[in-house]
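Undergrad: mmCIF, C-alpha atoms and all ligand atoms, file work_2.cif:
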data_structure
#
loop_
_atom_site.group_PDB
_atom_site.id
_atom_site.type_symbol
_atom_site.label_atom_id
_atom_site.label_comp_id
_atom_site.auth_asym_id
_atom_site.auth_seq_id
_atom_site.Cartn_x
_atom_site.Cartn_y
_atom_site.Cartn_z
ATOM 1 C CA MET I 13 0.000 0.000 0.000
ATOM 2 C CA THR I 14 1.340 3.441 -0.819
ATOM 3 C CA VAL I 15 0.085 6.487 1.012
ATOM 4 C CA LYS I 16 -0.069 9.671 -0.961
ATOM 5 C CA ILE I 17 0.715 12.712 1.089
ATOM 6 C CA ASP I 18 -0.537 16.092 0.132
ATOM 7 C CA PRO I 19 2.105 18.420 1.631
ATOM 8 C CA LYS I 20 -0.471 21.089 2.271
ATOM 9 C CA ARG I 21 -2.381 18.825 4.627
ATOM 10 C CA TYR I 22 -2.522 18.760 8.397
ATOM 11 C CA LEU I 23 0.652 17.262 9.943
ATOM 12 C CA GLU I 24 2.743 17.625 6.820
ATOM 13 C CA TYR I 25 4.460 14.259 6.808
ATOM 14 C CA GLY I 26 5.989 15.058 3.465
ATOM 15 C CA GLY I 27 9.228 16.210 5.035
ATOM 16 C CA ILE I 28 8.716 19.946 4.866
ATOM 17 C CA GLU I 29 8.814 22.401 7.770
ATOM 18 C CA PRO I 30 6.181 21.744 10.436
ATOM 19 C CA ALA I 31 3.377 24.249 10.595
ATOM 20 C CA ARG I 32 4.315 27.146 12.825
ATOM 21 C CA SER I 33 0.933 27.094 14.505
ATOM 22 C CA LEU I 34 1.693 23.617 15.995
ATOM 23 C CA ASP I 35 3.676 23.447 19.220
ATOM 24 C CA GLY I 36 5.154 19.912 19.034
ATOM 25 C CA THR I 37 7.077 20.099 22.309
ATOM 26 C CA ALA I 38 4.074 21.243 24.306
ATOM 27 C CA ALA I 39 1.836 18.650 22.652
ATOM 28 C CA LEU I 40 4.295 15.865 23.606
ATOM 29 C CA ALA I 41 4.542 17.209 27.177
ATOM 30 C CA TYR I 42 0.749 17.175 27.355
ATOM 31 C CA LEU I 43 0.356 13.604 25.982
ATOM 32 C CA GLN I 44 3.122 11.829 27.927
ATOM 33 C CA PRO I 45 1.562 12.089 31.424
ATOM 34 C CA LYS I 46 -1.645 10.733 29.873
ATOM 35 C CA GLY I 47 0.115 7.454 29.084
ATOM 36 C CA PHE I 48 1.206 8.038 25.503
ATOM 37 C CA GLY I 49 4.796 7.306 24.586
ATOM 38 C CA GLU I 50 5.813 4.647 27.127
ATOM 39 C CA ASN I 51 2.812 2.394 27.461
ATOM 40 C CA TYR I 52 2.826 -1.402 27.706
ATOM 41 C CA LEU I 53 2.136 -1.933 24.009
ATOM 42 C CA GLU I 54 5.190 0.079 23.095
ATOM 43 C CA GLN I 55 7.245 -1.793 25.684
ATOM 44 C CA SER I 56 6.199 -5.187 24.374
ATOM 45 C CA ARG I 57 6.888 -4.106 20.787
ATOM 46 C CA ALA I 58 10.355 -2.990 21.913
ATOM 47 C CA ALA I 59 10.899 -6.279 23.766
ATOM 48 C CA VAL I 60 9.986 -8.319 20.697
ATOM 49 C CA LYS I 61 12.336 -6.207 18.594
ATOM 50 C CA ARG I 62 15.167 -6.587 21.125
ATOM 51 C CA ARG I 63 14.824 -10.333 21.253
ATOM 52 C CA ALA I 64 14.401 -10.793 17.511
ATOM 53 C CA GLY I 65 18.146 -10.913 16.881
ATOM 54 C CA GLU I 66 19.023 -13.061 19.878
ATOM 55 C CA GLU I 67 19.891 -16.675 19.358
ATOM 56 C CA LEU I 68 18.954 -18.999 22.139
ATOM 57 C CA ALA I 69 21.534 -21.716 22.593
ATOM 58 C CA PHE I 70 20.294 -25.119 23.533
ATOM 59 C CA GLU I 71 22.727 -27.514 25.134
ATOM 60 C CA PRO I 72 21.252 -30.966 25.427
ATOM 61 C CA GLY I 73 22.361 -32.949 28.424
ATOM 62 C CA THR I 74 24.097 -30.149 30.316
ATOM 63 C CA ALA I 75 21.160 -29.234 32.528
ATOM 64 C CA ASN I 76 17.756 -30.453 33.525
ATOM 65 C CA TYR I 77 15.017 -29.400 31.158
ATOM 66 C CA CYS I 78 11.268 -29.798 31.245
ATOM 67 C CA ASP I 79 10.514 -32.667 28.866
ATOM 68 C CA PHE I 80 7.490 -30.838 27.490
ATOM 69 C CA CYS I 81 8.580 -27.238 26.919
ATOM 70 C CA ALA I 82 12.415 -27.403 27.142
ATOM 71 C CA ARG I 83 12.499 -24.790 29.895
ATOM 72 C CA PRO I 84 15.420 -25.252 32.329
ATOM 73 C CA LEU I 85 14.299 -26.758 35.644
ATOM 74 C CA MET I 86 15.272 -24.879 38.792
ATOM 75 C CA GLY I 87 15.923 -26.732 42.049
ATOM 76 C CA GLY I 88 13.201 -29.165 43.039
ATOM 77 C CA GLU I 89 10.446 -27.161 41.392
ATOM 78 C CA TYR I 90 9.133 -29.764 39.003
ATOM 79 C CA ASP I 91 7.085 -32.943 38.840
ATOM 80 C CA LEU I 92 8.659 -36.296 38.147
ATOM 81 C CA LEU I 93 6.187 -38.423 36.182
ATOM 82 C CA GLN I 94 5.905 -42.184 36.586
ATOM 83 C CA ASP I 95 7.663 -42.871 33.305
ATOM 84 C CA GLY I 96 10.654 -40.732 34.329
ATOM 85 C CA ARG I 97 9.757 -37.556 32.485
ATOM 86 C CA GLU I 98 10.245 -34.242 34.245
ATOM 87 C CA ARG I 99 7.541 -31.626 33.881
ATOM 88 C CA CYS I 100 7.944 -27.990 34.962
ATOM 89 C CA ILE I 101 5.413 -26.295 37.230
ATOM 90 C CA SER I 102 3.881 -24.159 34.509
ATOM 91 C CA CYS I 103 3.393 -27.183 32.245
ATOM 92 C CA SER I 104 1.852 -29.133 35.129
ATOM 93 C CA ARG I 105 -0.588 -26.298 35.724
ATOM 94 C CA THR I 106 -1.855 -26.411 32.138
ATOM 95 C CA VAL I 107 -2.283 -30.156 31.636
ATOM 96 C CA VAL I 108 -5.315 -30.834 29.459
ATOM 97 C CA THR I 109 -7.360 -33.566 31.103
ATOM 98 C CA THR I 110 -10.666 -33.778 29.276
ATOM 99 C CA ASN I 111 -11.582 -34.781 25.773
ATOM 100 C CA GLU I 112 -13.655 -31.593 25.398
ATOM 101 C CA GLY I 113 -10.605 -29.580 26.403
ATOM 102 C CA PHE I 114 -8.577 -31.237 23.660
ATOM 103 C CA VAL I 115 -11.259 -30.797 21.043
ATOM 104 C CA ALA I 116 -11.525 -27.076 21.889
ATOM 105 C CA ILE I 117 -7.741 -26.653 21.547
ATOM 106 C CA TYR I 118 -7.718 -28.644 18.312
ATOM 107 C CA GLN I 119 -10.454 -26.452 16.798
ATOM 108 C CA GLU I 120 -8.594 -23.305 17.773
ATOM 109 C CA VAL I 121 -5.286 -24.536 16.304
ATOM 110 C CA ARG I 122 -6.929 -25.672 13.085
ATOM 111 C CA ARG I 123 -8.638 -22.292 12.668
ATOM 112 C CA ASN I 124 -5.435 -20.376 13.451
ATOM 113 C CA LEU I 125 -3.332 -22.523 11.097
ATOM 114 C CA GLU I 126 -5.766 -21.759 8.281
ATOM 115 C CA ILE I 127 -5.462 -18.035 8.987
ATOM 116 C CA VAL I 128 -1.696 -17.895 9.635
ATOM 117 C CA PHE I 129 -0.691 -19.975 6.597
ATOM 118 C CA ASP I 130 -3.637 -19.097 4.365
ATOM 119 C CA ILE I 131 -4.678 -22.725 3.872
ATOM 120 C CA HIS I 132 -7.868 -24.715 4.154
ATOM 121 C CA PHE I 133 -8.503 -28.185 5.562
ATOM 122 C CA SER I 134 -11.325 -29.688 3.557
ATOM 123 C CA VAL I 135 -11.286 -33.124 5.138
ATOM 124 C CA GLY I 136 -12.822 -34.802 8.161
ATOM 125 C CA ILE I 137 -10.429 -35.068 11.123
ATOM 126 C CA THR I 138 -11.261 -36.876 14.355
ATOM 127 C CA VAL I 139 -9.293 -36.109 17.511
ATOM 128 C CA ARG I 140 -8.463 -38.943 19.882
ATOM 129 C CA MET I 141 -6.887 -38.708 23.294
ATOM 130 C CA GLU I 142 -4.672 -41.690 24.081
ATOM 131 C CA ASN I 143 -2.195 -42.846 26.695
ATOM 132 C CA ALA I 144 1.574 -42.487 26.304
ATOM 133 C CA LYS I 145 2.053 -46.148 25.359
ATOM 134 C CA ALA I 146 -0.368 -46.006 22.445
ATOM 135 C CA ILE I 147 1.271 -42.812 21.219
ATOM 136 C CA ALA I 148 4.757 -44.328 21.389
ATOM 137 C CA ARG I 149 3.491 -47.330 19.386
ATOM 138 C CA GLY I 150 1.969 -45.036 16.771
ATOM 139 C CA THR I 151 5.118 -42.966 16.354
ATOM 140 C CA ASN I 152 7.563 -45.899 16.468
ATOM 141 C CA GLU I 153 9.649 -44.035 18.978
ATOM 142 C CA THR I 154 11.443 -45.747 21.801
ATOM 143 C CA TYR I 155 11.521 -43.655 24.893
ATOM 144 C CA GLN I 156 14.297 -43.551 27.471
ATOM 145 C CA PRO I 157 14.051 -40.688 29.969
ATOM 146 C CA THR I 158 17.282 -38.841 30.834
ATOM 147 C CA PRO I 159 18.081 -35.708 32.881
ATOM 148 C CA GLY I 160 18.354 -33.556 29.730
ATOM 149 C CA PHE I 161 15.507 -32.708 27.419
ATOM 150 C CA ASP I 162 13.773 -35.824 26.140
ATOM 151 C CA ALA I 163 12.099 -35.059 22.906
ATOM 152 C CA ARG I 164 9.052 -37.124 22.652
ATOM 153 C CA VAL I 165 6.359 -36.831 20.080
ATOM 154 C CA LEU I 166 3.073 -36.217 21.844
ATOM 155 C CA GLY I 167 0.912 -37.372 18.990
ATOM 156 C CA PHE I 168 0.573 -38.639 15.443
ATOM 157 C CA ALA I 169 -1.842 -38.500 12.531
ATOM 158 C CA SER I 170 -3.237 -41.550 10.742
ATOM 159 C CA GLN I 171 -5.427 -42.025 7.703
ATOM 160 C CA THR I 172 -8.787 -43.769 7.927
ATOM 161 C CA THR I 173 -11.452 -44.543 5.342
ATOM 162 C CA GLY I 174 -13.429 -41.468 6.392
ATOM 163 C CA GLY I 175 -10.527 -39.026 6.620
ATOM 164 C CA TYR I 176 -7.852 -38.608 9.261
ATOM 165 C CA GLU I 177 -7.387 -39.232 12.952
ATOM 166 C CA LEU I 178 -5.282 -37.088 15.189
ATOM 167 C CA HIS I 179 -3.970 -38.960 18.223
ATOM 168 C CA ILE I 180 -2.791 -36.763 21.078
ATOM 169 C CA GLU I 181 -1.294 -37.913 24.335
ATOM 170 C CA ASN I 182 -3.448 -37.758 27.411
ATOM 171 C CA GLY I 183 -1.966 -35.466 30.078
ATOM 172 C CA SER I 184 0.005 -33.219 27.723
ATOM 173 C CA PRO I 185 0.291 -29.587 28.819
ATOM 174 C CA LYS I 186 -1.475 -26.951 26.746
ATOM 175 C CA LEU I 187 1.375 -25.373 24.752
ATOM 176 C CA PRO I 188 3.082 -28.672 23.848
ATOM 177 C CA SER I 189 -0.359 -29.997 22.810
ATOM 178 C CA ILE I 190 -0.833 -26.977 20.560
ATOM 179 C CA GLN I 191 2.602 -27.562 18.997
ATOM 180 C CA THR I 192 1.848 -31.224 18.431
ATOM 181 C CA ILE I 193 -1.508 -30.453 16.818
ATOM 182 C CA ALA I 194 0.070 -27.795 14.550
ATOM 183 C CA HIS I 195 2.814 -30.278 13.578
ATOM 184 C CA GLU I 196 0.410 -33.143 12.858
ATOM 185 C CA LEU I 197 -2.092 -30.957 10.994
ATOM 186 C CA THR I 198 0.800 -29.869 8.774
ATOM 187 C CA HIS I 199 1.376 -33.554 7.953
ATOM 188 C CA ILE I 200 -2.305 -33.968 7.085
ATOM 189 C CA TRP I 201 -2.038 -30.910 4.838
ATOM 190 C CA GLN I 202 1.050 -32.479 3.163
ATOM 191 C CA TYR I 203 -0.768 -35.794 2.594
ATOM 192 C CA ARG I 204 -3.662 -33.922 0.988
ATOM 193 C CA ASN I 205 -1.690 -31.433 -1.094
ATOM 194 C CA TRP I 206 1.682 -32.892 -2.010
ATOM 195 C CA ASN I 207 2.402 -35.353 -4.718
ATOM 196 C CA GLU I 208 4.598 -37.850 -2.898
ATOM 197 C CA GLN I 209 6.193 -39.156 -6.113
ATOM 198 C CA ALA I 210 7.111 -35.646 -7.212
ATOM 199 C CA ILE I 211 8.636 -34.913 -3.794
ATOM 200 C CA GLU I 212 10.704 -38.102 -3.902
ATOM 201 C CA ALA I 213 11.741 -37.543 -7.508
ATOM 202 C CA LYS I 214 13.035 -34.080 -6.672
ATOM 203 C CA TYR I 215 14.686 -34.686 -3.284
ATOM 204 C CA GLY I 216 15.438 -38.392 -3.418
ATOM 205 C CA PRO I 217 13.535 -41.165 -1.611
ATOM 206 C CA GLY I 218 16.075 -41.095 1.237
ATOM 207 C CA ASN I 219 15.113 -37.498 2.047
ATOM 208 C CA HIS I 220 11.407 -38.138 2.485
ATOM 209 C CA GLY I 221 11.556 -37.631 6.272
ATOM 210 C CA LEU I 222 13.747 -34.563 5.980
ATOM 211 C CA ILE I 223 11.201 -32.775 3.793
ATOM 212 C CA TYR I 224 8.048 -33.872 5.635
ATOM 213 C CA GLU I 225 9.401 -33.500 9.190
ATOM 214 C CA GLY I 226 11.421 -30.397 8.385
ATOM 215 C CA MET I 227 8.371 -28.523 7.179
ATOM 216 C CA ALA I 228 6.140 -29.767 10.026
ATOM 217 C CA SER I 229 8.782 -28.659 12.556
ATOM 218 C CA TRP I 230 9.179 -25.289 10.855
ATOM 219 C CA ALA I 231 5.392 -24.814 10.753
ATOM 220 C CA MET I 232 4.913 -25.566 14.456
ATOM 221 C CA VAL I 233 7.589 -23.050 15.484
ATOM 222 C CA GLN I 234 6.295 -20.400 13.079
ATOM 223 C CA TYR I 235 2.788 -21.059 14.396
ATOM 224 C CA SER I 236 3.919 -20.288 17.964
ATOM 225 C CA TYR I 237 5.542 -17.037 16.862
ATOM 226 C CA ALA I 238 2.461 -16.059 14.866
ATOM 227 C CA THR I 239 0.173 -16.662 17.844
ATOM 228 C CA ASN I 240 2.462 -14.654 20.140
ATOM 229 C CA GLU I 241 3.881 -17.521 22.214
ATOM 230 C CA VAL I 242 7.292 -15.969 21.666
ATOM 231 C CA ASP I 243 9.222 -17.525 24.565
ATOM 232 C CA PHE I 244 7.906 -20.983 23.849
ATOM 233 C CA ALA I 245 8.635 -20.547 20.129
ATOM 234 C CA ARG I 246 12.239 -19.538 20.840
ATOM 235 C CA ARG I 247 12.897 -22.567 23.027
ATOM 236 C CA GLU I 248 11.279 -24.881 20.490
ATOM 237 C CA ALA I 249 13.297 -23.319 17.661
ATOM 238 C CA ALA I 250 16.584 -23.581 19.584
ATOM 239 C CA TYR I 251 15.905 -27.172 20.515
ATOM 240 C CA THR I 252 14.781 -28.243 17.029
ATOM 241 C CA ARG I 253 17.728 -26.450 15.414
ATOM 242 C CA SER I 254 20.118 -28.402 17.664
ATOM 243 C CA ARG I 255 18.718 -31.842 16.792
ATOM 244 C CA ASP I 256 20.942 -34.024 14.639
ATOM 245 C CA ASP I 257 18.159 -36.081 13.088
ATOM 246 C CA GLU I 258 15.843 -35.431 10.117
ATOM 247 C CA TYR I 259 13.705 -33.076 12.227
ATOM 248 C CA GLY I 260 16.720 -30.872 12.990
ATOM 249 C CA ALA I 261 18.308 -31.060 9.536
ATOM 250 C CA GLY I 262 14.954 -30.499 7.824
ATOM 251 C CA PHE I 263 14.122 -27.590 10.117
ATOM 252 C CA ARG I 264 17.452 -25.903 9.293
ATOM 253 C CA PHE I 265 16.770 -26.229 5.542
ATOM 254 C CA PHE I 266 13.288 -24.765 5.882
ATOM 255 C CA GLU I 267 14.444 -22.016 8.230
ATOM 256 C CA GLU I 268 17.061 -20.962 5.710
ATOM 257 C CA ARG I 269 14.600 -20.910 2.829
ATOM 258 C CA TYR I 270 11.736 -19.415 4.887
ATOM 259 C CA PRO I 271 13.230 -17.266 7.677
ATOM 260 C CA LEU I 272 11.000 -17.341 10.761
ATOM 261 C CA ARG I 273 8.853 -14.265 11.125
ATOM 262 C CA VAL I 274 9.070 -13.475 14.838
ATOM 263 C CA ASP I 275 7.215 -10.147 14.999
ATOM 264 C CA GLY I 276 3.718 -11.474 14.330
ATOM 265 C CA GLY I 277 3.551 -9.877 10.874
ATOM 266 C CA VAL I 278 1.823 -11.362 7.840
ATOM 267 C CA LEU I 279 3.678 -14.277 6.210
ATOM 268 C CA ARG I 280 4.190 -13.608 2.521
ATOM 269 C CA ASP I 281 5.964 -16.772 1.460
ATOM 270 C CA THR I 282 5.648 -20.114 3.201
ATOM 271 C CA PRO I 283 6.245 -23.760 2.215
ATOM 272 C CA PHE I 284 2.458 -24.128 2.056
ATOM 273 C CA LYS I 285 2.545 -22.074 -1.163
ATOM 274 C CA HIS I 286 4.808 -24.472 -3.084
ATOM 275 C CA ALA I 287 4.244 -27.943 -4.521
ATOM 276 C CA LEU I 288 8.002 -28.462 -4.130
ATOM 277 C CA PRO I 289 8.875 -26.513 -0.987
ATOM 278 C CA LEU I 290 12.667 -26.277 -1.141
HETATM 279 ZN ZN ZN D 1 7.463 -27.188 30.865
HETATM 280 ZN ZN ZN D 2 6.170 -35.276 12.147
#
For this file, produce the structure as C-alpha cells.
TA:
Amino acid sequence: MTVKIDPKRYLEYGGIEPARSLDGTAALAYLQPKGFGENYLEQSRAAVKRRAGEELAFEPGTANYCDFCARPLMGGEYDLLQDGRERCISCSRTVVTTNEGFVAIYQEVRRNLEIVFDIHFSVGITVRMENAKAIARGTNETYQPTPGFDARVLGFASQTTGGYELHIENGSPKLPSIQTIAHELTHIWQYRNWNEQAIEAKYGPGNHGLIYEGMASWAMVQYSYATNEVDFARREAAYTRSRDDEYGAGFRFFEERYPLRVDGGVLRDTPFKHALPL
C-alpha cells in the first residue's frame, strides 16, 4: 500500500517544515503524562524487537530441562512423572485432562493454522486422546528418559477410510499440545496437497523424512511465533535447530529458505505455497 501525502495537509508528513501554529514540544509534554509514549504496548513491541536478533543456545544434556517445553528446571520445582519424564510447574498447571478440552484446543489450532498460513482443511479429522504407550506405538519411537531434554512426540496422525485421525497424548500440557496439533495438521495438509512421487523424484527417496518432518517442525515453530507464544517458540526453535536427526536437519533447511517471522507480521511466502517446498 502506498500512502499519498498532500504536503499542504494537516501534519505535513511530506518532510517539509512543520506548521508554525503547531507546538510539538508542548503537545508531547501534554500527551506523555496521559500514558502516551511509554505504554505497555510500546514496551512489548520494543521487547519483541530486542529479542528478535538473539539466538537462544540449547545444550542438550548439560542441565535439567522440562521434557514438554524445554524450559530449564530450577531446584526441586518440578514434577517427576511415573515414566521418568520431568515436567515444569507451569506445564503441570496447564495439563489438558478432558476430551472436550482437547477438542476445543484442536479447533482453535486448526482455525489459526488456516489463517496464519492461508490454507484450508477440507477433510474430516477426528481427535483422539490416548495414553503415552499407544502414542509411542503409533510414532515408532522408543523412549528412554534422561536428565536432559527428552524429545518425545506427543501425537501422530493416521489415515482412515473417512478421513484422518489425530492422536494426542493424554496429560500433555497446553502449549506442547498446541505444537503437536500444529505439527500433525501440517502432515495432514502435506498428505492432501503434495504429490509424494514428485517430492521423492526431486529430493530423493532417502530425504522423504527430511522434507516432511522439516516442514512440520518449521510450521509448528512459526505457528507459535504467529500466535504470540514468543518464549515458547524460541525454546522450540533452539531445541529443534540443535537436533541431529531429520527433524533438525529439515528444520534448518526450511528455516534458511523461509526465515521465521518473529514479529507477528503477515507471512508472505511459506512452504504451504509451493508444490516443491525447497
Ligand atoms: Zn514445561
Ligand atoms: Zn512429524
Undergrad: Enumerate as a VMD selection string the residues within 10 Å of ligand ZN 1 (chain D), counting all atoms listed in the file.
TA: chain I and resid 77 to 85 90 to 91 98 to 106 185 to 188 244
Undergrad: Let me see if you get this right: every residue at most 7 Å from ligand ZN 2 (chain D), counting all atoms listed in the file, written as a PyMOL selection string.
TA: chain I and resi 195-196+199+224-225+228
Undergrad: Between I:Ala39, I:Val135, I:Leu272, I:Leu93, single out the one closest to Tyr203 (chain I), counting all atoms listed in the file.
TA: I:Val135
Undergrad: Extract, using only C-alpha atoms, all DNA, RNA and protein residues at most 12 Å from Gln191 (chain I), discarding same-chain residues fewer than 3 positions from it, and format them as a PDB file with C-alpha atoms, keeping the file's coordinate frame.
TA:
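Here's the written file part22.pdb:
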ATOM      1  CA  PHE I  80       7.490 -30.838  27.490  1.00  0.00           C
ATOM      2  CA  CYS I  81       8.580 -27.238  26.919  1.00  0.00           C
ATOM      3  CA  ILE I 117      -7.741 -26.653  21.547  1.00  0.00           C
ATOM      4  CA  TYR I 118      -7.718 -28.644  18.312  1.00  0.00           C
ATOM      5  CA  VAL I 121      -5.286 -24.536  16.304  1.00  0.00           C
ATOM      6  CA  ARG I 122      -6.929 -25.672  13.085  1.00  0.00           C
ATOM      7  CA  LEU I 125      -3.332 -22.523  11.097  1.00  0.00           C
ATOM      8  CA  VAL I 165       6.359 -36.831  20.080  1.00  0.00           C
ATOM      9  CA  LEU I 166       3.073 -36.217  21.844  1.00  0.00           C
ATOM     10  CA  GLY I 167       0.912 -37.372  18.990  1.00  0.00           C
ATOM     11  CA  PHE I 168       0.573 -38.639  15.443  1.00  0.00           C
ATOM     12  CA  ILE I 180      -2.791 -36.763  21.078  1.00  0.00           C
ATOM     13  CA  SER I 184       0.005 -33.219  27.723  1.00  0.00           C
ATOM     14  CA  PRO I 185       0.291 -29.587  28.819  1.00  0.00           C
ATOM     15  CA  LYS I 186      -1.475 -26.951  26.746  1.00  0.00           C
ATOM     16  CA  LEU I 187       1.375 -25.373  24.752  1.00  0.00           C
ATOM     17  CA  PRO I 188       3.082 -28.672  23.848  1.00  0.00           C
ATOM     18  CA  ALA I 194       0.070 -27.795  14.550  1.00  0.00           C
ATOM     19  CA  HIS I 195       2.814 -30.278  13.578  1.00  0.00           C
ATOM     20  CA  GLU I 196       0.410 -33.143  12.858  1.00  0.00           C
ATOM     21  CA  LEU I 197      -2.092 -30.957  10.994  1.00  0.00           C
ATOM     22  CA  THR I 198       0.800 -29.869   8.774  1.00  0.00           C
ATOM     23  CA  ALA I 228       6.140 -29.767  10.026  1.00  0.00           C
ATOM     24  CA  SER I 229       8.782 -28.659  12.556  1.00  0.00           C
ATOM     25  CA  TRP I 230       9.179 -25.289  10.855  1.00  0.00           C
ATOM     26  CA  ALA I 231       5.392 -24.814  10.753  1.00  0.00           C
ATOM     27  CA  MET I 232       4.913 -25.566  14.456  1.00  0.00           C
ATOM     28  CA  VAL I 233       7.589 -23.050  15.484  1.00  0.00           C
ATOM     29  CA  GLN I 234       6.295 -20.400  13.079  1.00  0.00           C
ATOM     30  CA  TYR I 235       2.788 -21.059  14.396  1.00  0.00           C
ATOM     31  CA  SER I 236       3.919 -20.288  17.964  1.00  0.00           C
ATOM     32  CA  TYR I 237       5.542 -17.037  16.862  1.00  0.00           C
ATOM     33  CA  THR I 239       0.173 -16.662  17.844  1.00  0.00           C
ATOM     34  CA  GLU I 241       3.881 -17.521  22.214  1.00  0.00           C
ATOM     35  CA  PHE I 244       7.906 -20.983  23.849  1.00  0.00           C
ATOM     36  CA  ALA I 245       8.635 -20.547  20.129  1.00  0.00           C
ATOM     37  CA  GLU I 248      11.279 -24.881  20.490  1.00  0.00           C
ATOM     38  CA  ALA I 249      13.297 -23.319  17.661  1.00  0.00           C
TER      39      ALA I 249
END
Undergrad: At what distance in Å, to one decimal, does CA of Glu258 (chain I) lie from CA of Asn219 (chain I)?
TA: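 CA of Glu258 (chain I) lies at a distance of 8.4 Å from CA of Asn219 (chain I).
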Undergrad: Can you measure CA of Thr138 (chain I) to CA of Gly221 (chain I) for me? One decimal in Å is fine.
TA: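 Here the two named atoms are 24.2 Å from each other.
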Undergrad: Figure out the distance between CA of Gln202 (chain I) and CA of His286 (chain I), please, to one decimal in Å.
TA: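 Separation between CA of His286 (chain I) and CA of Gln202 (chain I): 10.8 Å.
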Undergrad: Pick the closest to Ile223 (chain I) from I:Asp243, I:Ala210, I:Ile127, I:Pro289: which is it, counting only C-alpha atoms?
TA: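 Among the listed residues, I:Pro289 lies closest to Ile223 (chain I).
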Undergrad: Taking all atoms listed in the file into account, which of I:Asp130, I:Glu89, I:Arg123, I:Tyr42 comes nearest Arg280 (chain I)?
TA: I:Asp130
Undergrad: Which one is closest to Phe265 (chain I): I:Pro283, I:Pro45, I:Gly113, I:Gly136? Count only C-alpha atoms.
TA: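 Nearest to Phe265 (chain I): I:Pro283.
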Undergrad: Run the PyMOL selection byres (((chain I and resi 175) around 8) and not hetatm) against the file shown and list the residues it catches, as a ChimeraX atom specification.
TA: /I:135-137,171-174,176-177
Undergrad: May I ask which of the residues I:Thr252, I:Thr151, I:Thr192, I:Ser134 is the closest one to Arg204 (chain I), counting only C-alpha atoms?
TA: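 Checking each of I:Thr252, I:Thr151, I:Thr192, I:Ser134 against Arg204 (chain I), counting only C-alpha atoms, the winner is I:Ser134.
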Undergrad: Where's the centre, and what are the edge lengths in Å to one decimal, of a box along x, y and z enclosing all listed atoms of region 216-220 of chain I padded 4 Å per side, as lines of an AutoDock Vina configuration file?
TA:
center_x = 13.7
center_y = -39.3
center_z = -0.5
size_x = 12.7
size_y = 11.7
size_z = 13.9
Undergrad: Starting from the incomplete input, reconstruct N, CA and C atoms of region 94-108 of chain I and report them as an mmCIF file, in the coordinates of the input.
TA:
data_model
loop_
_atom_site.group_PDB
_atom_site.id
_atom_site.type_symbol
_atom_site.label_atom_id
_atom_site.label_comp_id
_atom_site.auth_asym_id
_atom_site.auth_seq_id
_atom_site.Cartn_x
_atom_site.Cartn_y
_atom_site.Cartn_z
ATOM 1 N N GLN I 94 5.630 -40.764 36.372
ATOM 2 C CA GLN I 94 5.905 -42.184 36.586
ATOM 3 C C GLN I 94 6.875 -42.766 35.565
ATOM 4 N N ASP I 95 6.802 -42.307 34.347
ATOM 5 C CA ASP I 95 7.663 -42.871 33.305
ATOM 6 C C ASP I 95 9.037 -42.193 33.275
ATOM 7 N N GLY I 96 9.324 -41.328 34.248
ATOM 8 C CA GLY I 96 10.654 -40.732 34.329
ATOM 9 C C GLY I 96 10.747 -39.340 33.743
ATOM 10 N N ARG I 97 9.698 -38.900 33.054
ATOM 11 C CA ARG I 97 9.757 -37.556 32.485
ATOM 12 C C ARG I 97 9.653 -36.491 33.564
ATOM 13 N N GLU I 98 10.313 -35.359 33.314
ATOM 14 C CA GLU I 98 10.245 -34.242 34.245
ATOM 15 C C GLU I 98 9.397 -33.141 33.617
ATOM 16 N N ARG I 99 8.470 -32.624 34.416
ATOM 17 C CA ARG I 99 7.541 -31.626 33.881
ATOM 18 C C ARG I 99 7.575 -30.388 34.775
ATOM 19 N N CYS I 100 7.829 -29.218 34.173
ATOM 20 C CA CYS I 100 7.944 -27.990 34.962
ATOM 21 C C CYS I 100 6.583 -27.588 35.536
ATOM 22 N N ILE I 101 6.634 -26.695 36.518
ATOM 23 C CA ILE I 101 5.413 -26.295 37.230
ATOM 24 C C ILE I 101 4.397 -25.671 36.279
ATOM 25 N N SER I 102 4.886 -24.825 35.352
ATOM 26 C CA SER I 102 3.881 -24.159 34.509
ATOM 27 C C SER I 102 3.256 -25.143 33.527
ATOM 28 N N CYS I 103 4.013 -26.147 33.085
ATOM 29 C CA CYS I 103 3.393 -27.183 32.245
ATOM 30 C C CYS I 103 2.385 -27.996 33.056
ATOM 31 N N SER I 104 2.760 -28.336 34.299
ATOM 32 C CA SER I 104 1.852 -29.133 35.129
ATOM 33 C C SER I 104 0.533 -28.411 35.350
ATOM 34 N N ARG I 105 0.628 -27.087 35.486
ATOM 35 C CA ARG I 105 -0.588 -26.298 35.724
ATOM 36 C C ARG I 105 -1.540 -26.319 34.537
ATOM 37 N N THR I 106 -1.002 -26.546 33.321
ATOM 38 C CA THR I 106 -1.855 -26.411 32.138
ATOM 39 C C THR I 106 -2.187 -27.757 31.479
ATOM 40 N N VAL I 107 -1.982 -28.849 32.218
ATOM 41 C CA VAL I 107 -2.283 -30.156 31.636
ATOM 42 C C VAL I 107 -3.748 -30.227 31.200
ATOM 43 N N VAL I 108 -3.952 -30.715 29.980
ATOM 44 C CA VAL I 108 -5.315 -30.834 29.459
ATOM 45 C C VAL I 108 -5.828 -32.215 29.835
#
